[in-house]
$ cat target-v8.csv   # CSV, C-alpha atoms
chain,number,residue,atom,x,y,z
A,1,MET,CA,-33.2,-49.7,-22.3
A,2,ASN,CA,-31.3,-46.6,-21.4
A,3,ILE,CA,-31.2,-44.3,-24.4
A,4,CYS,CA,-29.1,-41.2,-24.3
A,5,LEU,CA,-29.4,-38.2,-26.7
A,6,PHE,CA,-26.2,-36.2,-27.3
A,7,GLY,CA,-26.9,-33.0,-29.2
A,8,GLY,CA,-24.4,-30.5,-30.4
A,9,SER,CA,-22.8,-28.9,-33.4
A,10,PHE,CA,-20.0,-31.4,-33.5
A,11,ASP,CA,-18.2,-28.9,-35.7
A,12,PRO,CA,-16.0,-30.9,-35.8
A,13,VAL,CA,-16.4,-33.9,-33.5
A,14,HIS,CA,-13.3,-34.4,-31.3
A,15,SER,CA,-11.9,-36.8,-28.7
A,16,GLY,CA,-13.4,-34.7,-25.9
A,17,HIS,CA,-16.9,-35.5,-27.3
A,18,LEU,CA,-16.0,-39.2,-27.4
A,19,SER,CA,-14.5,-39.1,-23.9
A,20,ILE,CA,-17.7,-37.5,-22.5
A,21,ALA,CA,-19.9,-40.1,-24.3
A,22,GLU,CA,-17.7,-43.0,-23.0
A,23,ALA,CA,-17.9,-41.7,-19.5
A,24,ALA,CA,-21.7,-41.3,-19.7
A,25,GLN,CA,-22.1,-44.7,-21.2
A,26,ALA,CA,-20.2,-46.3,-18.4
A,27,CYS,CA,-21.6,-44.3,-15.6
A,28,ALA,CA,-25.3,-44.6,-16.6
A,29,ASN,CA,-25.1,-48.1,-18.1
A,30,LEU,CA,-26.3,-46.7,-21.4
A,31,ASP,CA,-27.5,-49.1,-24.1
A,32,LYS,CA,-27.3,-46.4,-26.8
A,33,VAL,CA,-25.8,-42.9,-27.2
A,34,ILE,CA,-27.4,-41.1,-30.1
A,35,PHE,CA,-25.2,-38.3,-31.5
A,36,LEU,CA,-27.5,-35.6,-33.0
A,37,PRO,CA,-25.7,-32.9,-34.9
A,38,ALA,CA,-27.7,-29.7,-34.6
A,39,ALA,CA,-28.8,-27.7,-37.6
A,40,CYS,CA,-29.0,-24.4,-35.9
A,41,SER,CA,-29.1,-23.8,-32.1
A,42,PRO,CA,-31.8,-21.3,-31.0
A,43,PHE,CA,-29.1,-19.7,-29.0
A,44,LYS,CA,-26.7,-19.4,-31.9
A,45,THR,CA,-29.0,-18.1,-34.7
A,46,GLY,CA,-27.0,-16.4,-37.5
A,47,LYS,CA,-23.9,-18.5,-36.9
A,48,GLN,CA,-22.9,-20.9,-39.5
A,49,THR,CA,-20.9,-24.1,-38.9
A,50,MET,CA,-17.6,-24.6,-40.6
A,51,PHE,CA,-18.7,-28.0,-41.9
A,52,ALA,CA,-22.0,-28.8,-43.6
A,53,GLY,CA,-24.4,-31.2,-42.0
A,54,GLU,CA,-23.4,-34.1,-44.2
A,55,GLU,CA,-19.7,-33.5,-43.5
A,56,ARG,CA,-20.3,-33.5,-39.7
A,57,MET,CA,-22.4,-36.7,-40.1
A,58,GLU,CA,-19.5,-38.4,-42.0
A,59,MET,CA,-16.9,-37.3,-39.4
A,60,LEU,CA,-19.2,-38.6,-36.6
A,61,ARG,CA,-19.5,-41.9,-38.4
A,62,LEU,CA,-15.7,-42.1,-38.6
A,63,ALA,CA,-15.3,-41.1,-35.0
A,64,THR,CA,-17.8,-43.6,-33.5
A,65,GLN,CA,-17.2,-46.6,-35.8
A,66,ASP,CA,-15.5,-48.6,-32.9
A,67,TYR,CA,-18.3,-47.8,-30.4
A,68,PRO,CA,-21.0,-50.4,-30.6
A,69,TRP,CA,-23.3,-48.4,-28.4
A,70,ALA,CA,-23.0,-45.2,-30.6
A,71,GLU,CA,-25.6,-44.2,-33.2
A,72,ILE,CA,-25.6,-41.2,-35.5
A,73,SER,CA,-28.9,-39.5,-36.4
A,74,ASP,CA,-29.5,-36.7,-38.9
A,75,LEU,CA,-33.0,-36.0,-37.5
A,76,ASP,CA,-32.2,-32.5,-36.3
A,77,LEU,CA,-30.5,-31.7,-39.6
A,78,ALA,CA,-33.6,-32.8,-41.5
A,79,LEU,CA,-36.0,-30.6,-39.4
A,80,PRO,CA,-36.6,-26.9,-40.1
A,81,PRO,CA,-34.4,-24.6,-38.0
A,82,PRO,CA,-33.9,-23.7,-35.3
A,83,SER,CA,-32.9,-26.9,-33.4
A,84,TRP,CA,-35.5,-27.5,-30.7
A,85,SER,CA,-34.5,-30.2,-28.3
A,86,TRP,CA,-38.1,-31.0,-27.4
A,87,ARG,CA,-38.7,-32.1,-31.0
A,88,LEU,CA,-36.0,-34.6,-30.7
A,89,VAL,CA,-37.3,-35.8,-27.3
A,90,GLU,CA,-40.8,-36.2,-28.7
A,91,HIS,CA,-39.5,-38.3,-31.6
A,92,TYR,CA,-37.4,-40.6,-29.4
A,93,ARG,CA,-40.2,-40.8,-26.8
A,94,GLN,CA,-42.5,-42.1,-29.6
A,95,GLN,CA,-39.7,-44.5,-30.8
A,96,TYR,CA,-38.9,-45.8,-27.3
A,97,PRO,CA,-42.1,-45.3,-25.3
A,98,HIS,CA,-41.1,-47.6,-22.4
A,99,ASP,CA,-37.4,-46.9,-22.2
A,100,LYS,CA,-35.5,-44.4,-20.1
A,101,LEU,CA,-34.4,-41.3,-22.0
A,102,LEU,CA,-31.4,-39.3,-21.0
A,103,TRP,CA,-29.8,-36.2,-22.4
A,104,LEU,CA,-26.0,-35.6,-22.3
A,105,MET,CA,-24.9,-32.0,-21.9
A,106,GLY,CA,-22.2,-29.8,-20.5
A,107,THR,CA,-22.4,-27.5,-17.5
A,108,ASP,CA,-23.0,-24.4,-19.7
A,109,GLN,CA,-26.1,-26.0,-21.1
A,110,TRP,CA,-27.3,-27.2,-17.7
A,111,GLU,CA,-27.0,-23.7,-16.3
A,112,GLN,CA,-29.2,-22.4,-19.2
A,113,LEU,CA,-31.7,-25.3,-19.2
A,114,HIS,CA,-34.5,-23.1,-17.7
A,115,ARG,CA,-34.3,-21.1,-21.0
A,116,TRP,CA,-34.9,-24.1,-23.2
A,117,ALA,CA,-38.2,-24.2,-25.0
A,118,ARG,CA,-40.7,-26.5,-23.3
A,119,TYR,CA,-38.5,-26.8,-20.3
A,120,ASP,CA,-41.3,-28.5,-18.2
A,121,TYR,CA,-41.7,-31.2,-20.9
A,122,LEU,CA,-38.0,-31.8,-21.0
A,123,ILE,CA,-37.6,-32.3,-17.3
A,124,GLU,CA,-40.6,-34.5,-17.2
A,125,GLN,CA,-39.2,-36.8,-20.0
A,126,LEU,CA,-35.5,-36.8,-19.3
A,127,THR,CA,-32.7,-37.6,-16.9
A,128,PHE,CA,-29.8,-35.3,-17.6
A,129,ILE,CA,-26.2,-36.4,-17.6
A,130,VAL,CA,-24.2,-33.3,-17.0
A,131,TYR,CA,-20.5,-33.2,-17.8
A,132,HIS,CA,-18.2,-30.8,-15.9
A,133,ARG,CA,-14.5,-30.1,-15.9
A,134,SER,CA,-14.2,-28.6,-12.4
A,135,ALA,CA,-16.6,-28.4,-9.5
A,136,PRO,CA,-20.0,-30.1,-10.1
A,137,PRO,CA,-22.8,-27.7,-11.1
A,138,GLN,CA,-25.7,-27.0,-8.8
A,139,PRO,CA,-28.5,-29.5,-8.8
A,140,ARG,CA,-32.0,-28.4,-9.8
A,141,GLU,CA,-34.9,-29.4,-7.5
A,142,ASP,CA,-37.1,-30.0,-10.5
A,143,ALA,CA,-34.8,-32.1,-12.7
A,144,GLN,CA,-33.1,-35.5,-12.4
A,145,ALA,CA,-29.4,-35.3,-13.1
A,146,ILE,CA,-26.3,-37.4,-13.0
A,147,PHE,CA,-23.0,-35.5,-12.8
A,148,ILE,CA,-19.9,-36.8,-14.5
A,149,SER,CA,-16.5,-35.2,-14.7
A,150,GLY,CA,-13.5,-35.2,-17.0
A,151,ASN,CA,-10.8,-32.9,-18.3
A,152,HIS,CA,-10.2,-33.6,-22.0
A,153,PRO,CA,-8.7,-30.3,-23.4
A,154,ALA,CA,-10.1,-30.6,-26.9
A,155,SER,CA,-12.3,-27.8,-28.2
A,156,SER,CA,-14.1,-27.6,-31.5
A,157,SER,CA,-13.6,-23.8,-31.7
A,158,THR,CA,-9.8,-24.2,-31.1
A,159,ILE,CA,-9.7,-26.9,-33.8
A,160,ARG,CA,-11.5,-24.7,-36.2
A,161,ASP,CA,-9.2,-21.8,-35.5
A,162,ALA,CA,-6.1,-24.0,-36.0
A,163,LEU,CA,-7.6,-25.3,-39.3
A,164,LEU,CA,-8.2,-21.8,-40.6
A,165,SER,CA,-4.7,-20.6,-39.6
A,166,GLY,CA,-2.9,-23.7,-40.8
A,167,SER,CA,-1.7,-24.5,-37.3
A,168,PRO,CA,-1.3,-28.0,-36.1
A,169,VAL,CA,-4.0,-29.7,-33.9
A,170,PRO,CA,-2.7,-32.0,-31.1
A,171,ALA,CA,-3.1,-35.6,-32.3
A,172,THR,CA,-4.9,-36.6,-29.1
A,173,TRP,CA,-7.6,-34.0,-29.8
A,174,TRP,CA,-9.4,-36.0,-32.6
A,175,PRO,CA,-9.3,-39.3,-34.3
A,176,ALA,CA,-6.9,-39.5,-37.2
A,177,ALA,CA,-9.7,-40.4,-39.6
A,178,VAL,CA,-11.7,-37.4,-38.6
A,179,GLU,CA,-8.7,-35.1,-39.1
A,180,LYS,CA,-8.0,-36.5,-42.5
A,181,GLN,CA,-11.6,-36.1,-43.5
A,182,ALA,CA,-11.9,-32.5,-42.1
A,183,ARG,CA,-8.7,-31.5,-44.0
A,184,PHE,CA,-10.1,-33.1,-47.2
A,185,TYR,CA,-13.4,-31.1,-46.9
A,186,LEU,CA,-11.5,-27.9,-46.5
A,187,GLN,CA,-9.2,-28.6,-49.5
A,188,GLN,CA,-12.3,-29.1,-51.7
A,189,ARG,CA,-13.5,-25.5,-51.1

$ encode --input "target-v8.csv" --output "structure tokens"
Amino acid sequence: MNICLFGGSFDPVHSGHLSIAEAAQACANLDKVIFLPAACSPFKTGKQTMFAGEERMEMLRLATQDYPWAEISDLDLALPPPSWSWRLVEHYRQQYPHDKLLWLMGTDQWEQLHRWARYDYLIEQLTFIVYHRSAPPQPREDAQAIFISGNHPASSSTIRDALLSGSPVPATWWPAAVEKQARFYLQQR
């Protein structure tokens, strides 16, 4: 099987995330895309998410309910921070010892990949699917990668800003069920 890990804050999940996952699934013939909301990125220590881990999990469930190849995991949320990708890869390598593991990421992460903890282990275990909006990023001699493109305009930070200011969010930026749930969570505070 081809198993793809898709880590991120998903704060909140939006249609751009889903579009990227769909493109990766089709391009790499993925049997499963596992969405892994991060507890705390090592590169973003001190920053809190707008939505709690359980809230992000529920919004991911709502967003992916019509995708038979999508799976949601709270593994990273259950581990002590910070969020180390190699721990997730170790877990899934044990769970799927004979399958191909892939990691879905954006160009910004690809360009910082050499800074990731246990970089050598990651490039040994994974094929990377790198999403870009404009020109493809530079390949790495030591890492296997598939480059996919797209141009969905949604952004979690823009959605969060709009929620805080009471501004509307374009309907095409996130599934209606996710918007309803996000607004419900904010009203409960």

$ residues_around --input "target-v8.csv" --residues "His132 in chain A" --least-positions-apart "3" --cutoff "10 Å" --atoms "all atoms listed in the file" --output "CSV table (one decimal) with C-alpha atoms, keeping the file's coordinate frame"
chain,number,residue,atom,x,y,z
A,20,ILE,CA,-17.7,-37.5,-22.5
A,105,MET,CA,-24.9,-32.0,-21.9
A,106,GLY,CA,-22.2,-29.8,-20.5
A,107,THR,CA,-22.4,-27.5,-17.5
A,108,ASP,CA,-23.0,-24.4,-19.7
A,110,TRP,CA,-27.3,-27.2,-17.7
A,129,ILE,CA,-26.2,-36.4,-17.6
A,135,ALA,CA,-16.6,-28.4,-9.5
A,136,PRO,CA,-20.0,-30.1,-10.1
A,137,PRO,CA,-22.8,-27.7,-11.1
A,147,PHE,CA,-23.0,-35.5,-12.8
A,148,ILE,CA,-19.9,-36.8,-14.5
A,149,SER,CA,-16.5,-35.2,-14.7
A,150,GLY,CA,-13.5,-35.2,-17.0
A,151,ASN,CA,-10.8,-32.9,-18.3

$ atom_distance --input "target-v8.csv" --atom1 "CA of Ala177 in chain A" --atom2 "CA of Ser15 in chain A"
11.7 Å

$ closest_residue --input "target-v8.csv" --among "A:Pro80, A:Trp86, A:Asp99, A:Gly16" --to "Ile123 in chain A" --atoms "all atoms listed in the file"
A:Trp86

$ atom_distance --input "target-v8.csv" --atom1 "CA of Leu163 in chain A" --atom2 "CA of Leu77 in chain A"
23.8 Å

$ closest_residue --input "target-v8.csv" --among "A:Gln188, A:Thr49, A:Ser73, A:Ser134" --to "Pro12 in chain A" --atoms "only C-alpha atoms"
A:Thr49

$ atom_distance --input "target-v8.csv" --atom1 "CA of Arg87 in chain A" --atom2 "CA of Gln112 in chain A"
18.0 Å

$ closest_residue --input "target-v8.csv" --among "A:Leu36, A:Leu186, A:Leu122, A:Leu79" --to "Leu5 in chain A" --atoms "all atoms listed in the file"
A:Leu36

$ closest_residue --input "target-v8.csv" --among "A:Phe35, A:Trp84, A:Trp103, A:Tyr131" --to "Arg56 in chain A" --atoms "only C-alpha atoms"
A:Phe35

$ build_atoms --input "target-v8.csv" --residues "range 108-136 of chain A" --atoms "N, CA and C atoms" --output "CSV table (one decimal), in the coordinates of the input"
chain,number,residue,atom,x,y,z
A,108,ASP,N,-22.4,-25.7,-19.1
A,108,ASP,CA,-23.0,-24.4,-19.7
A,108,ASP,C,-24.4,-24.6,-20.1
A,109,GLN,N,-24.8,-25.7,-20.7
A,109,GLN,CA,-26.1,-26.0,-21.1
A,109,GLN,C,-27.0,-26.2,-19.9
A,110,TRP,N,-26.5,-26.9,-18.9
A,110,TRP,CA,-27.3,-27.2,-17.7
A,110,TRP,C,-27.7,-25.9,-17.0
A,111,GLU,N,-26.7,-24.9,-17.0
A,111,GLU,CA,-27.0,-23.7,-16.3
A,111,GLU,C,-28.0,-22.8,-17.1
A,112,GLN,N,-28.2,-23.1,-18.4
A,112,GLN,CA,-29.2,-22.4,-19.2
A,112,GLN,C,-30.5,-23.2,-19.5
A,113,LEU,N,-30.6,-24.4,-18.9
A,113,LEU,CA,-31.7,-25.3,-19.2
A,113,LEU,C,-33.0,-24.6,-19.0
A,114,HIS,N,-33.2,-23.8,-18.0
A,114,HIS,CA,-34.5,-23.1,-17.7
A,114,HIS,C,-34.9,-22.2,-18.9
A,115,ARG,N,-34.0,-21.9,-19.8
A,115,ARG,CA,-34.3,-21.1,-21.0
A,115,ARG,C,-34.7,-21.9,-22.2
A,116,TRP,N,-34.6,-23.2,-22.1
A,116,TRP,CA,-34.9,-24.1,-23.2
A,116,TRP,C,-36.4,-24.1,-23.4
A,117,ALA,N,-36.8,-24.1,-24.7
A,117,ALA,CA,-38.2,-24.2,-25.0
A,117,ALA,C,-38.8,-25.5,-24.5
A,118,ARG,N,-40.0,-25.4,-23.9
A,118,ARG,CA,-40.7,-26.5,-23.3
A,118,ARG,C,-39.9,-27.2,-22.2
A,119,TYR,N,-39.4,-26.4,-21.4
A,119,TYR,CA,-38.5,-26.8,-20.3
A,119,TYR,C,-39.3,-27.9,-19.4
A,120,ASP,N,-40.5,-27.6,-19.1
A,120,ASP,CA,-41.3,-28.5,-18.2
A,120,ASP,C,-41.4,-29.9,-18.9
A,121,TYR,N,-41.6,-29.9,-20.2
A,121,TYR,CA,-41.7,-31.2,-20.9
A,121,TYR,C,-40.4,-31.9,-20.8
A,122,LEU,N,-39.3,-31.2,-21.0
A,122,LEU,CA,-38.0,-31.8,-21.0
A,122,LEU,C,-37.7,-32.4,-19.7
A,123,ILE,N,-37.9,-31.7,-18.6
A,123,ILE,CA,-37.6,-32.3,-17.3
A,123,ILE,C,-38.5,-33.4,-16.9
A,124,GLU,N,-39.7,-33.4,-17.5
A,124,GLU,CA,-40.6,-34.5,-17.2
A,124,GLU,C,-40.1,-35.8,-17.9
A,125,GLN,N,-39.6,-35.7,-19.1
A,125,GLN,CA,-39.2,-36.8,-20.0
A,125,GLN,C,-37.8,-37.3,-19.8
A,126,LEU,N,-36.9,-36.5,-19.3
A,126,LEU,CA,-35.5,-36.8,-19.3
A,126,LEU,C,-34.8,-36.9,-18.0
A,127,THR,N,-33.8,-37.7,-17.9
A,127,THR,CA,-32.7,-37.6,-16.9
A,127,THR,C,-31.5,-37.0,-17.6
A,128,PHE,N,-30.9,-36.0,-17.0
A,128,PHE,CA,-29.8,-35.3,-17.6
A,128,PHE,C,-28.5,-35.8,-17.1
A,129,ILE,N,-27.6,-36.0,-18.0
A,129,ILE,CA,-26.2,-36.4,-17.6
A,129,ILE,C,-25.4,-35.1,-17.9
A,130,VAL,N,-24.8,-34.5,-16.9
A,130,VAL,CA,-24.2,-33.3,-17.0
A,130,VAL,C,-22.7,-33.4,-16.8
A,131,TYR,N,-21.9,-33.1,-17.8
A,131,TYR,CA,-20.5,-33.2,-17.8
A,131,TYR,C,-19.9,-31.9,-17.3
A,132,HIS,N,-18.9,-32.0,-16.4
A,132,HIS,CA,-18.2,-30.8,-15.9
A,132,HIS,C,-16.7,-31.1,-15.8
A,133,ARG,N,-16.0,-30.0,-15.9
A,133,ARG,CA,-14.5,-30.1,-15.9
A,133,ARG,C,-13.9,-29.8,-14.5
A,134,SER,N,-14.7,-29.0,-13.7
A,134,SER,CA,-14.2,-28.6,-12.4
A,134,SER,C,-15.2,-29.0,-11.3
A,135,ALA,N,-15.6,-28.1,-10.5
A,135,ALA,CA,-16.6,-28.4,-9.5
A,135,ALA,C,-18.0,-28.7,-10.1
A,136,PRO,N,-18.7,-29.7,-9.6
A,136,PRO,CA,-20.0,-30.1,-10.1
A,136,PRO,C,-20.9,-28.9,-10.1
